[in-house]
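S.K.: Structure: query_1.pdb, PDB, C-alpha atoms, pLDDT in the B column.
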```pdb
ATOM      1  CA  MET Y   1     -37.652 -30.081  11.361  1.00 48.00           C
ATOM      2  CA  LYS Y   2     -37.782 -26.308  11.875  1.00 42.00           C
ATOM      3  CA  LYS Y   3     -35.692 -26.630  15.061  1.00 45.00           C
ATOM      4  CA  LEU Y   4     -33.128 -28.713  13.203  1.00 44.00           C
ATOM      5  CA  MET Y   5     -32.938 -26.146  10.399  1.00 41.00           C
ATOM      6  CA  LEU Y   6     -32.544 -23.328  12.933  1.00 41.00           C
ATOM      7  CA  ALA Y   7     -29.786 -25.191  14.787  1.00 42.00           C
ATOM      8  CA  THR Y   8     -27.983 -25.831  11.510  1.00 43.00           C
ATOM      9  CA  ALA Y   9     -28.250 -22.156  10.561  1.00 44.00           C
ATOM     10  CA  ILE Y  10     -26.870 -21.085  13.958  1.00 42.00           C
ATOM     11  CA  LEU Y  11     -23.938 -23.477  13.708  1.00 42.00           C
ATOM     12  CA  SER Y  12     -23.189 -22.203  10.219  1.00 42.00           C
ATOM     13  CA  THR Y  13     -23.254 -18.611  11.427  1.00 42.00           C
ATOM     14  CA  LEU Y  14     -21.021 -19.428  14.374  1.00 43.00           C
ATOM     15  CA  ALA Y  15     -18.547 -21.138  12.059  1.00 42.00           C
ATOM     16  CA  SER Y  16     -18.411 -18.060   9.855  1.00 42.00           C
ATOM     17  CA  GLY Y  17     -17.473 -15.978  12.895  1.00 44.00           C
ATOM     18  CA  SER Y  18     -20.335 -13.499  12.555  1.00 43.00           C
ATOM     19  CA  LEU Y  19     -21.802 -14.172  16.031  1.00 44.00           C
ATOM     20  CA  ILE Y  20     -18.623 -14.874  17.999  1.00 50.00           C
ATOM     21  CA  ALA Y  21     -15.702 -12.499  17.519  1.00 58.00           C
ATOM     22  CA  LYS Y  22     -12.252 -14.031  17.423  1.00 79.00           C
ATOM     23  CA  GLU Y  23     -10.079 -13.053  20.363  1.00 84.00           C
ATOM     24  CA  TRP Y  24      -7.052 -12.179  18.182  1.00 95.00           C
ATOM     25  CA  LYS Y  25      -4.201 -12.849  20.575  1.00 95.00           C
ATOM     26  CA  GLU Y  26      -1.874 -13.100  17.581  1.00 97.00           C
ATOM     27  CA  VAL Y  27      -2.082 -11.331  14.225  1.00 98.00           C
ATOM     28  CA  ARG Y  28      -0.024 -12.298  11.198  1.00 98.00           C
ATOM     29  CA  VAL Y  29       0.651  -9.292   8.976  1.00 98.00           C
ATOM     30  CA  GLY Y  30       1.674  -9.465   5.326  1.00 98.00           C
ATOM     31  CA  VAL Y  31       4.360  -6.910   4.409  1.00 98.00           C
ATOM     32  CA  GLU Y  32       6.277  -6.328   1.189  1.00 97.00           C
ATOM     33  CA  GLY Y  33       9.832  -5.401   2.157  1.00 96.00           C
ATOM     34  CA  ALA Y  34      10.684  -3.822  -1.204  1.00 95.00           C
ATOM     35  CA  TYR Y  35       9.199  -0.308  -1.164  1.00 96.00           C
ATOM     36  CA  PRO Y  36      11.372   2.115   0.838  1.00 95.00           C
ATOM     37  CA  PRO Y  37      10.805   4.133   2.954  1.00 96.00           C
ATOM     38  CA  PHE Y  38       7.625   2.205   3.731  1.00 97.00           C
ATOM     39  CA  SER Y  39       9.379  -1.148   3.856  1.00 97.00           C
ATOM     40  CA  TRP Y  40      12.710  -2.569   2.803  1.00 97.00           C
ATOM     41  CA  THR Y  41      14.755  -5.678   3.521  1.00 97.00           C
ATOM     42  CA  GLU Y  42      18.133  -5.475   5.230  1.00 97.00           C
ATOM     43  CA  PRO Y  43      20.984  -7.807   4.109  1.00 97.00           C
ATOM     44  CA  SER Y  44      20.268  -9.773   7.286  1.00 97.00           C
ATOM     45  CA  GLY Y  45      16.724 -10.411   6.038  1.00 96.00           C
ATOM     46  CA  GLU Y  46      15.137  -8.095   8.612  1.00 97.00           C
ATOM     47  CA  VAL Y  47      12.331  -5.927   7.224  1.00 98.00           C
ATOM     48  CA  LYS Y  48      12.305  -2.267   8.253  1.00 98.00           C
ATOM     49  CA  GLY Y  49      10.455   0.926   7.360  1.00 98.00           C
ATOM     50  CA  PHE Y  50       7.465   3.113   8.138  1.00 98.00           C
ATOM     51  CA  ASP Y  51       4.924   0.348   7.519  1.00 98.00           C
ATOM     52  CA  ILE Y  52       6.866  -1.985   9.786  1.00 98.00           C
ATOM     53  CA  ASP Y  53       7.093   0.513  12.656  1.00 98.00           C
ATOM     54  CA  ILE Y  54       3.381   1.330  12.270  1.00 98.00           C
ATOM     55  CA  THR Y  55       2.543  -2.384  12.281  1.00 98.00           C
ATOM     56  CA  ASN Y  56       4.473  -2.980  15.503  1.00 98.00           C
ATOM     57  CA  ALA Y  57       2.912   0.088  17.152  1.00 98.00           C
ATOM     58  CA  LEU Y  58      -0.599  -0.984  16.150  1.00 98.00           C
ATOM     59  CA  CYS Y  59      -0.081  -4.495  17.481  1.00 98.00           C
ATOM     60  CA  GLU Y  60       1.283  -3.085  20.753  1.00 98.00           C
ATOM     61  CA  GLU Y  61      -1.740  -0.810  21.048  1.00 98.00           C
ATOM     62  CA  MET Y  62      -4.066  -3.767  20.336  1.00 98.00           C
ATOM     63  CA  LYS Y  63      -2.119  -5.917  22.840  1.00 97.00           C
ATOM     64  CA  VAL Y  64      -1.604  -8.737  20.369  1.00 98.00           C
ATOM     65  CA  LYS Y  65       1.476 -10.664  19.309  1.00 97.00           C
ATOM     66  CA  CYS Y  66       2.519  -9.435  15.879  1.00 94.00           C
ATOM     67  CA  THR Y  67       4.139 -11.753  13.321  1.00 97.00           C
ATOM     68  CA  LEU Y  68       5.416 -10.264  10.055  1.00 98.00           C
ATOM     69  CA  VAL Y  69       5.130 -12.345   6.895  1.00 98.00           C
ATOM     70  CA  LYS Y  70       7.095 -11.084   3.897  1.00 98.00           C
ATOM     71  CA  GLN Y  71       5.259 -11.414   0.580  1.00 97.00           C
ATOM     72  CA  ASP Y  72       5.919 -10.241  -2.996  1.00 96.00           C
ATOM     73  CA  TRP Y  73       3.438  -7.585  -4.080  1.00 97.00           C
ATOM     74  CA  ASP Y  74       1.994  -9.605  -6.984  1.00 93.00           C
ATOM     75  CA  GLY Y  75       0.599 -12.237  -4.648  1.00 96.00           C
ATOM     76  CA  ILE Y  76      -0.140 -10.135  -1.591  1.00 98.00           C
ATOM     77  CA  ILE Y  77      -3.973 -10.201  -1.764  1.00 98.00           C
ATOM     78  CA  PRO Y  78      -4.257 -13.867  -2.853  1.00 98.00           C
ATOM     79  CA  ALA Y  79      -2.037 -14.837   0.105  1.00 98.00           C
ATOM     80  CA  LEU Y  80      -4.358 -12.963   2.493  1.00 98.00           C
ATOM     81  CA  LEU Y  81      -7.387 -14.739   1.066  1.00 98.00           C
ATOM     82  CA  SER Y  82      -5.660 -18.112   1.363  1.00 98.00           C
ATOM     83  CA  ARG Y  83      -5.005 -17.330   5.071  1.00 98.00           C
ATOM     84  CA  LYS Y  84      -1.218 -17.078   4.879  1.00 98.00           C
ATOM     85  CA  TYR Y  85      -1.675 -14.031   7.118  1.00 98.00           C
ATOM     86  CA  ASP Y  86      -4.544 -12.023   8.617  1.00 98.00           C
ATOM     87  CA  ALA Y  87      -3.900  -8.476   7.411  1.00 98.00           C
ATOM     88  CA  ILE Y  88      -1.866  -6.522   4.875  1.00 98.00           C
ATOM     89  CA  ILE Y  89       0.072  -3.403   5.889  1.00 98.00           C
ATOM     90  CA  ALA Y  90       1.950  -2.487   2.732  1.00 98.00           C
ATOM     91  CA  THR Y  91       0.951   1.005   1.553  1.00 97.00           C
ATOM     92  CA  MET Y  92      -2.064  -0.442  -0.258  1.00 97.00           C
ATOM     93  CA  ASP Y  93      -4.452   2.170  -1.644  1.00 96.00           C
ATOM     94  CA  ILE Y  94      -8.102   1.720  -0.705  1.00 97.00           C
ATOM     95  CA  THR Y  95      -9.783   1.375  -4.108  1.00 95.00           C
ATOM     96  CA  GLU Y  96     -13.205   0.182  -5.227  1.00 94.00           C
ATOM     97  CA  GLU Y  97     -11.627  -2.625  -7.255  1.00 94.00           C
ATOM     98  CA  ARG Y  98      -9.760  -4.002  -4.241  1.00 97.00           C
ATOM     99  CA  LYS Y  99     -12.847  -3.645  -2.029  1.00 97.00           C
ATOM    100  CA  LYS Y 100     -14.477  -6.340  -4.153  1.00 97.00           C
ATOM    101  CA  LYS Y 101     -11.963  -8.838  -2.734  1.00 98.00           C
ATOM    102  CA  VAL Y 102     -10.998  -7.538   0.716  1.00 98.00           C
ATOM    103  CA  ASP Y 103     -12.161  -5.171   3.427  1.00 98.00           C
ATOM    104  CA  PHE Y 104     -10.167  -2.116   4.524  1.00 98.00           C
ATOM    105  CA  THR Y 105      -9.680  -0.123   7.670  1.00 98.00           C
ATOM    106  CA  GLN Y 106      -9.753   3.655   7.534  1.00 98.00           C
ATOM    107  CA  LYS Y 107      -6.606   5.132   5.986  1.00 98.00           C
ATOM    108  CA  TYR Y 108      -3.379   5.161   7.953  1.00 98.00           C
ATOM    109  CA  GLN Y 109      -1.554   7.353   5.405  1.00 97.00           C
ATOM    110  CA  HIS Y 110      -2.313   9.228   2.186  1.00 96.00           C
ATOM    111  CA  ILE Y 111       0.470  10.275  -0.172  1.00 95.00           C
ATOM    112  CA  PRO Y 112      -0.010  11.494  -3.768  1.00 96.00           C
ATOM    113  CA  ALA Y 113       1.487   9.676  -6.731  1.00 97.00           C
ATOM    114  CA  ARG Y 114       4.002  11.499  -8.941  1.00 98.00           C
ATOM    115  CA  PHE Y 115       5.910  11.004 -12.153  1.00 98.00           C
ATOM    116  CA  ALA Y 116       9.701  11.274 -12.058  1.00 98.00           C
ATOM    117  CA  ALA Y 117      12.042  11.705 -15.005  1.00 98.00           C
ATOM    118  CA  LYS Y 118      15.489  12.943 -15.952  1.00 98.00           C
ATOM    119  CA  LYS Y 119      15.827  16.656 -15.220  1.00 98.00           C
ATOM    120  CA  GLY Y 120      14.568  18.827 -18.063  1.00 97.00           C
ATOM    121  CA  THR Y 121      12.099  16.200 -19.331  1.00 98.00           C
ATOM    122  CA  ASP Y 122       8.696  17.560 -20.341  1.00 98.00           C
ATOM    123  CA  LEU Y 123       5.445  15.872 -19.335  1.00 98.00           C
ATOM    124  CA  GLN Y 124       1.956  16.571 -20.615  1.00 97.00           C
ATOM    125  CA  LEU Y 125      -0.853  14.366 -19.408  1.00 97.00           C
ATOM    126  CA  ASP Y 126      -2.699  13.981 -22.683  1.00 96.00           C
ATOM    127  CA  LYS Y 127      -2.885  10.996 -25.006  1.00 96.00           C
ATOM    128  CA  ALA Y 128      -1.215  12.701 -27.942  1.00 97.00           C
ATOM    129  CA  PHE Y 129       1.851  13.591 -25.876  1.00 98.00           C
ATOM    130  CA  MET Y 130       2.056  10.229 -24.106  1.00 98.00           C
ATOM    131  CA  GLU Y 131       1.912   8.192 -27.302  1.00 97.00           C
ATOM    132  CA  GLY Y 132       5.210   6.354 -27.658  1.00 95.00           C
ATOM    133  CA  LYS Y 133       6.476   7.405 -24.222  1.00 98.00           C
ATOM    134  CA  THR Y 134       7.676   4.608 -21.944  1.00 98.00           C
ATOM    135  CA  VAL Y 135       6.404   4.619 -18.362  1.00 98.00           C
ATOM    136  CA  ALA Y 136       7.633   2.330 -15.579  1.00 98.00           C
ATOM    137  CA  VAL Y 137       5.273   1.232 -12.797  1.00 98.00           C
ATOM    138  CA  GLN Y 138       5.207  -1.466 -10.168  1.00 97.00           C
ATOM    139  CA  ARG Y 139       2.897  -4.222 -11.347  1.00 96.00           C
ATOM    140  CA  ALA Y 140      -0.677  -4.380  -9.972  1.00 95.00           C
ATOM    141  CA  THR Y 141      -0.480  -1.031  -8.151  1.00 96.00           C
ATOM    142  CA  SER Y 142      -2.830   1.944  -8.362  1.00 96.00           C
ATOM    143  CA  MET Y 143      -0.224   3.614 -10.578  1.00 97.00           C
ATOM    144  CA  ASP Y 144      -0.377   0.671 -12.970  1.00 97.00           C
ATOM    145  CA  THR Y 145      -4.171   0.999 -13.187  1.00 97.00           C
ATOM    146  CA  TYR Y 146      -4.023   4.777 -13.651  1.00 98.00           C
ATOM    147  CA  ILE Y 147      -1.568   4.719 -16.547  1.00 97.00           C
ATOM    148  CA  THR Y 148      -3.298   1.731 -18.194  1.00 97.00           C
ATOM    149  CA  ASP Y 149      -6.721   3.386 -18.051  1.00 97.00           C
ATOM    150  CA  ASN Y 150      -5.656   6.867 -19.107  1.00 98.00           C
ATOM    151  CA  PHE Y 151      -2.747   6.352 -21.502  1.00 98.00           C
ATOM    152  CA  PRO Y 152      -3.082   2.946 -23.159  1.00 94.00           C
ATOM    153  CA  ASN Y 153      -1.124   4.299 -26.146  1.00 95.00           C
ATOM    154  CA  ALA Y 154       1.985   4.717 -23.972  1.00 98.00           C
ATOM    155  CA  THR Y 155       4.448   1.871 -23.614  1.00 98.00           C
ATOM    156  CA  ILE Y 156       3.924   0.593 -20.083  1.00 98.00           C
ATOM    157  CA  LYS Y 157       6.694  -1.426 -18.445  1.00 98.00           C
ATOM    158  CA  ARG Y 158       5.651  -3.298 -15.315  1.00 98.00           C
ATOM    159  CA  TYR Y 159       8.081  -4.389 -12.610  1.00 98.00           C
ATOM    160  CA  GLY Y 160       7.963  -6.605  -9.568  1.00 96.00           C
ATOM    161  CA  THR Y 161       9.507  -3.877  -7.367  1.00 96.00           C
ATOM    162  CA  ALA Y 162       9.893  -0.102  -7.502  1.00 95.00           C
ATOM    163  CA  ASP Y 163      13.693  -0.422  -7.331  1.00 95.00           C
ATOM    164  CA  GLU Y 164      13.685  -2.287 -10.667  1.00 97.00           C
ATOM    165  CA  ALA Y 165      11.728   0.586 -12.210  1.00 98.00           C
ATOM    166  CA  TYR Y 166      14.198   3.166 -10.851  1.00 98.00           C
ATOM    167  CA  LEU Y 167      17.123   1.227 -12.325  1.00 98.00           C
ATOM    168  CA  ASP Y 168      15.565   1.286 -15.785  1.00 98.00           C
ATOM    169  CA  LEU Y 169      14.891   5.022 -15.488  1.00 98.00           C
ATOM    170  CA  LYS Y 170      18.531   5.621 -14.558  1.00 98.00           C
ATOM    171  CA  SER Y 171      19.712   3.503 -17.491  1.00 97.00           C
ATOM    172  CA  GLY Y 172      17.467   5.365 -19.939  1.00 98.00           C
ATOM    173  CA  ARG Y 173      15.310   2.343 -20.798  1.00 98.00           C
ATOM    174  CA  VAL Y 174      12.157   4.201 -19.709  1.00 98.00           C
ATOM    175  CA  ASP Y 175      11.143   7.866 -19.920  1.00 98.00           C
ATOM    176  CA  TYR Y 176       9.199   8.118 -16.653  1.00 98.00           C
ATOM    177  CA  VAL Y 177       8.547   6.319 -13.400  1.00 98.00           C
ATOM    178  CA  LEU Y 178       5.167   6.649 -11.693  1.00 98.00           C
ATOM    179  CA  ALA Y 179       4.964   5.798  -7.970  1.00 97.00           C
ATOM    180  CA  ASP Y 180       4.140   7.260  -4.552  1.00 96.00           C
ATOM    181  CA  SER Y 181       5.976  10.564  -4.246  1.00 96.00           C
ATOM    182  CA  ALA Y 182       7.551   9.603  -0.909  1.00 96.00           C
ATOM    183  CA  ALA Y 183       8.791   6.304  -2.357  1.00 96.00           C
ATOM    184  CA  ILE Y 184      10.345   8.093  -5.353  1.00 97.00           C
ATOM    185  CA  SER Y 185      11.977  10.651  -3.083  1.00 96.00           C
ATOM    186  CA  ASP Y 186      13.517   8.018  -0.829  1.00 95.00           C
ATOM    187  CA  GLY Y 187      14.213   5.299  -3.391  1.00 96.00           C
ATOM    188  CA  LEU Y 188      15.440   7.456  -6.285  1.00 97.00           C
ATOM    189  CA  LEU Y 189      15.981  11.168  -5.686  1.00 97.00           C
ATOM    190  CA  LYS Y 190      17.900  10.811  -2.406  1.00 96.00           C
ATOM    191  CA  LYS Y 191      20.110   7.972  -3.662  1.00 96.00           C
ATOM    192  CA  ASP Y 192      23.437   8.233  -5.495  1.00 96.00           C
ATOM    193  CA  GLY Y 193      22.808   9.744  -8.913  1.00 97.00           C
ATOM    194  CA  GLY Y 194      19.334  10.872  -7.890  1.00 97.00           C
ATOM    195  CA  ASP Y 195      20.203  14.536  -8.399  1.00 97.00           C
ATOM    196  CA  ALA Y 196      19.918  13.925 -12.163  1.00 98.00           C
ATOM    197  CA  PHE Y 197      16.175  13.277 -11.758  1.00 98.00           C
ATOM    198  CA  GLU Y 198      13.161  15.218 -10.555  1.00 98.00           C
ATOM    199  CA  PHE Y 199       9.399  15.124 -10.148  1.00 98.00           C
ATOM    200  CA  VAL Y 200       7.486  16.144 -13.265  1.00 98.00           C
ATOM    201  CA  GLY Y 201       3.808  16.873 -13.698  1.00 97.00           C
ATOM    202  CA  PRO Y 202       1.129  17.329 -11.038  1.00 97.00           C
ATOM    203  CA  LYS Y 203       0.413  15.390  -7.863  1.00 96.00           C
ATOM    204  CA  LEU Y 204      -2.077  12.622  -8.635  1.00 97.00           C
ATOM    205  CA  THR Y 205      -4.810  12.021  -6.050  1.00 94.00           C
ATOM    206  CA  ASP Y 206      -7.948  11.192  -8.052  1.00 95.00           C
ATOM    207  CA  PRO Y 207      -9.883   8.748  -5.825  1.00 94.00           C
ATOM    208  CA  LYS Y 208     -11.075   6.838  -8.889  1.00 94.00           C
ATOM    209  CA  TRP Y 209      -7.550   5.423  -9.211  1.00 95.00           C
ATOM    210  CA  PHE Y 210      -5.789   6.273  -5.954  1.00 94.00           C
ATOM    211  CA  GLY Y 211      -8.632   5.744  -3.515  1.00 92.00           C
ATOM    212  CA  GLU Y 212      -8.873   7.560  -0.215  1.00 91.00           C
ATOM    213  CA  GLY Y 213      -5.435   6.714   1.093  1.00 96.00           C
ATOM    214  CA  ALA Y 214      -3.630   3.549   2.122  1.00 98.00           C
ATOM    215  CA  GLY Y 215      -5.456   1.236   4.507  1.00 98.00           C
ATOM    216  CA  ILE Y 216      -4.976  -2.103   6.194  1.00 98.00           C
ATOM    217  CA  ALA Y 217      -6.561  -4.932   4.210  1.00 98.00           C
ATOM    218  CA  VAL Y 218      -8.305  -7.823   5.972  1.00 98.00           C
ATOM    219  CA  ARG Y 219     -10.585 -10.625   4.860  1.00 98.00           C
ATOM    220  CA  LYS Y 220     -14.235  -9.562   4.616  1.00 98.00           C
ATOM    221  CA  ALA Y 221     -15.237 -11.977   7.372  1.00 98.00           C
ATOM    222  CA  ASP Y 222     -12.786 -10.437   9.857  1.00 98.00           C
ATOM    223  CA  LYS Y 223     -14.728  -7.275  10.673  1.00 97.00           C
ATOM    224  CA  ASP Y 224     -13.757  -7.536  14.334  1.00 97.00           C
ATOM    225  CA  LEU Y 225     -10.079  -7.361  13.369  1.00 98.00           C
ATOM    226  CA  LYS Y 226     -10.761  -4.373  11.131  1.00 98.00           C
ATOM    227  CA  GLU Y 227     -12.384  -2.510  14.015  1.00 98.00           C
ATOM    228  CA  LYS Y 228      -9.461  -3.337  16.308  1.00 98.00           C
ATOM    229  CA  PHE Y 229      -7.103  -1.801  13.762  1.00 98.00           C
ATOM    230  CA  ASN Y 230      -9.362   1.237  13.297  1.00 98.00           C
ATOM    231  CA  ALA Y 231      -9.376   1.929  17.038  1.00 98.00           C
ATOM    232  CA  ALA Y 232      -5.596   1.480  17.208  1.00 98.00           C
ATOM    233  CA  ILE Y 233      -4.975   3.875  14.290  1.00 98.00           C
ATOM    234  CA  LEU Y 234      -6.990   6.573  16.063  1.00 98.00           C
ATOM    235  CA  ALA Y 235      -5.171   5.877  19.324  1.00 98.00           C
ATOM    236  CA  LEU Y 236      -1.736   6.262  17.705  1.00 98.00           C
ATOM    237  CA  ARG Y 237      -2.840   9.537  16.136  1.00 98.00           C
ATOM    238  CA  ALA Y 238      -4.079  10.786  19.517  1.00 98.00           C
ATOM    239  CA  ASN Y 239      -1.211   9.668  21.772  1.00 98.00           C
ATOM    240  CA  GLY Y 240       1.638  10.991  19.613  1.00 98.00           C
ATOM    241  CA  LYS Y 241       3.079   7.617  18.611  1.00 98.00           C
ATOM    242  CA  TYR Y 242       2.046   8.104  14.971  1.00 98.00           C
ATOM    243  CA  LYS Y 243       3.858  11.456  14.815  1.00 98.00           C
ATOM    244  CA  GLU Y 244       6.950   9.917  16.394  1.00 98.00           C
ATOM    245  CA  ILE Y 245       7.089   7.236  13.681  1.00 98.00           C
ATOM    246  CA  ASN Y 246       6.127   9.696  10.939  1.00 98.00           C
ATOM    247  CA  ASP Y 247       8.934  12.099  11.846  1.00 98.00           C
ATOM    248  CA  LYS Y 248      11.486   9.271  11.757  1.00 98.00           C
ATOM    249  CA  TYR Y 249      10.902   8.896   8.002  1.00 97.00           C
ATOM    250  CA  PHE Y 250       9.247  12.081   6.666  1.00 96.00           C
ATOM    251  CA  ASP Y 251       9.377  15.853   7.061  1.00 92.00           C
ATOM    252  CA  PHE Y 252       5.592  16.148   6.515  1.00 93.00           C
ATOM    253  CA  ASP Y 253       2.488  14.423   7.881  1.00 96.00           C
ATOM    254  CA  VAL Y 254       1.886  11.377   5.653  1.00 96.00           C
ATOM    255  CA  TYR Y 255      -1.592  10.962   7.115  1.00 96.00           C
ATOM    256  CA  GLY Y 256      -2.709  13.724   4.753  1.00 88.00           C
ATOM    257  CA  GLU Y 257      -5.808  15.859   4.935  1.00 68.00           C
TER     258      GLU Y 257
END
```
Starting from the coordinates I provided, produce the structure as structure tokens.

M.R.:
Amino acid sequence: MKKLMLATAILSTLASGSLIAKEWKEVRVGVEGAYPPFSWTEPSGEVKGFDIDITNALCEEMKVKCTLVKQDWDGIIPALLSRKYDAIIATMDITEERKKKVDFTQKYQHIPARFAAKKGTDLQLDKAFMEGKTVAVQRATSMDTYITDNFPNATIKRYGTADEAYLDLKSGRVDYVLADSAAISDGLLKKDGGDAFEFVGPKLTDPKWFGEGAGIAVRKADKDLKEKFNAAILALRANGKYKEINDKYFDFDVYGE
């Protein structure tokens, strides 16, 4: 009986993948395609951007076939858990709340969040000032959590994409947009009409809401895949490939401190 129980336990462990690591000849990666400059979708349907170039470089370094799977942000973690793909590379902040559902690699970039508003607009980060102000965020992001936790008396408008939030700021339907500073710079300030807007308030980096940077999310059982990605991130940093991709999109090191 004891031998049978032991054999059953071993088979169960093998099935879970904890004794035998998967070879990972092919990795399916969930990407968003609606958050420039990290990812955007061309009229042809092709997805481009920093996250996409990093994904391809990581897969090349890992010597695996890389398949991109486009996914709306709202469902990006549920789709990972339901095995639609094996990893998420979509500028996802490593936060304690998300760690309850998925595992993360080390960071592959770290950019502060910022508010943007029409030039000349004041911003004070206290509840009295924010009462009645309308803030646009992308739904289910770290920025959404930050504004919800700290300024529940503000009017919070949540959008499926950052571009929708920028449009409402331009039209005057919201007072502020809160997003990654690089995304605001590329998606709003550098676009037509963007010179009417500017960053307001401080850079936001509190790890309670914004984590320790953006990492690659994987299922908790896939620790071998996480370690492959970790080794590849370090390799790209060391061999200059990361800098090459970084400099294509940014005039500063998005890896951060």

S.K.: Show which residues sit within 6 Å of range 212-226 of chain Y, as a list in words. Count only C-alpha atoms, and ignore same-chain residues fewer than 5 positions away.

M.R.: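 Result of the neighbour search: Ala87, Ile88, Ile89, Thr91, Met92, Asp93, Ile94, Val102, Asp103, Phe104, Thr105, Gln106, Lys107, Tyr108, Gln109, His110 and Pro207 of chain Y.
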
S.K.: I need the residue nearest Glu96 in chain Y from this list: Y:Phe197, Y:Ser142, Y:Ser44, Y:Gly172. Use only C-alpha atoms for the distance.

M.R.: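 For Glu96 in chain Y, the nearest of the given residues is Y:Ser142.
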
S.K.: Excluding same-chain residues fewer than 3 positions from Val47 in chain Y, what lies within 6 Å of it counting all atoms listed in the file, as a ChimeraX atom specification?

M.R.: /Y:33,40-41

S.K.: Hey, can you spit out that residue selection with C-alpha atoms as an mmCIF file, keeping the file's coordinate frame?

M.R.:
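Output file selection-v4.cif follows:
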```
data_model
loop_
_atom_site.group_PDB
_atom_site.id
_atom_site.type_symbol
_atom_site.label_atom_id
_atom_site.label_comp_id
_atom_site.auth_asym_id
_atom_site.auth_seq_id
_atom_site.Cartn_x
_atom_site.Cartn_y
_atom_site.Cartn_z
ATOM 1 C CA GLY Y 33 9.832 -5.401 2.157
ATOM 2 C CA TRP Y 40 12.710 -2.569 2.803
ATOM 3 C CA THR Y 41 14.755 -5.678 3.521
#
```

S.K.: Apply the PyMOL selection byres ((chain Y and resi 248-250) around 9) to the displayed file and report the matching residues as a list in words.

M.R.: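 This file gives the following for the PyMOL selection byres ((chain Y and resi 248-250) around 9): Pro37, Phe38, Gly49, Phe50, Ala182, Lys243, Glu244, Ile245, Asn246, Asp247, Asp251, Phe252, Asp253 and Val254 of chain Y.
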
S.K.: One decimal, in Å: what's the spacing between CA of Val200 in chain Y and CA of Gly256 in chain Y?

M.R.: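 Separation of CA of Val200 in chain Y and CA of Gly256 in chain Y: 20.8 Å.
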
S.K.: May I ask which of the residues Y:Cys66, Y:Ala113, Y:Val31, Y:Ala136 is the closest one to Ala179 in chain Y, counting all atoms listed in the file?

M.R.: Y:Ala113

S.K.: Take CA of Glu32 in chain Y and CA of Gln71 in chain Y and report the distance between them in Å, one decimal.

M.R.: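 Spanning CA of Glu32 in chain Y to CA of Gln71 in chain Y is a straight-line distance of 5.2 Å.
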
S.K.: Just the number, please: distance in Å from CA of Leu81 in chain Y to CA of Ala183 in chain Y, one decimal.

M.R.: 26.8 Å

S.K.: With the file shown as input, list the residues that the PyMOL selection byres ((chain Y and resi 65) around 9) selects, as a list in words.

M.R.: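 That selection, the PyMOL selection byres ((chain Y and resi 65) around 9), comes back as Trp24, Lys25, Glu26, Val27, Arg28, Cys59, Glu60, Met62, Lys63, Val64, Cys66 and Thr67 of chain Y.
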
S.K.: Evaluate the PyMOL selection byres ((chain Y and resi 75) around 12) against this structure - the residues, as number ranges by chain, please.

M.R.: Y: 30-32, 70-74, 76-82, 84, 88, 139-141, 160

S.K.: I'd like the contact shell of Gln138 in chain Y - 6 Å cut-off, only C-alpha atoms, skipping same-chain residues fewer than 3 positions apart - returned as a PyMOL selection string.

M.R.: chain Y and resi 158-162

S.K.: Can you write just those residues out, C-alpha atoms, as a PDB file, in the coordinates of the input?

M.R.:
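Result went into selection18.pdb, see below:
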```pdb
ATOM      1  CA  ARG Y 158       5.651  -3.298 -15.315  1.00 98.00           C
ATOM      2  CA  TYR Y 159       8.081  -4.389 -12.610  1.00 98.00           C
ATOM      3  CA  GLY Y 160       7.963  -6.605  -9.568  1.00 96.00           C
ATOM      4  CA  THR Y 161       9.507  -3.877  -7.367  1.00 96.00           C
ATOM      5  CA  ALA Y 162       9.893  -0.102  -7.502  1.00 95.00           C
TER       6      ALA Y 162
END
```

S.K.: Nearest residue to Gly132 in chain Y out of Y:Arg98, Y:Tyr255, Y:Asp149, Y:Val174, using all atoms listed in the file?

M.R.: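 Looking only at the distances to Gly132 in chain Y, the closest residue turns out to be Y:Val174.
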
S.K.: Restricting the calculation to all atoms listed in the file: of Y:Lys191, Y:Arg237, Y:Lys127, Y:Arg114, which residue gets closest to Val177 in chain Y?

M.R.: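 Looking only at the distances to Val177 in chain Y, the closest residue turns out to be Y:Arg114.
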
S.K.: With distances taken over only C-alpha atoms, which of Y:Gly240, Y:Gly194, Y:Pro202, Y:Gly187 is nearest to Pro112 in chain Y?

M.R.: Y:Pro202

S.K.: Closest to Thr145 in chain Y among Y:Leu123, Y:Leu178, Y:Leu58, Y:Ala232, using all atoms listed in the file?

M.R.: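 Closest to Thr145 in chain Y, using all atoms listed in the file: Y:Leu178.
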
S.K.: Return as lines of an AutoDock Vina configuration file the box centre and box size in Å, one decimal, for an axis-aligned box around all listed atoms of range 34-47 of chain Y padded by 5 Å per side.

M.R.:
```
center_x = 14.3
center_y = -3.1
center_z = 3.7
size_x = 23.4
size_y = 24.5
size_z = 19.8
```
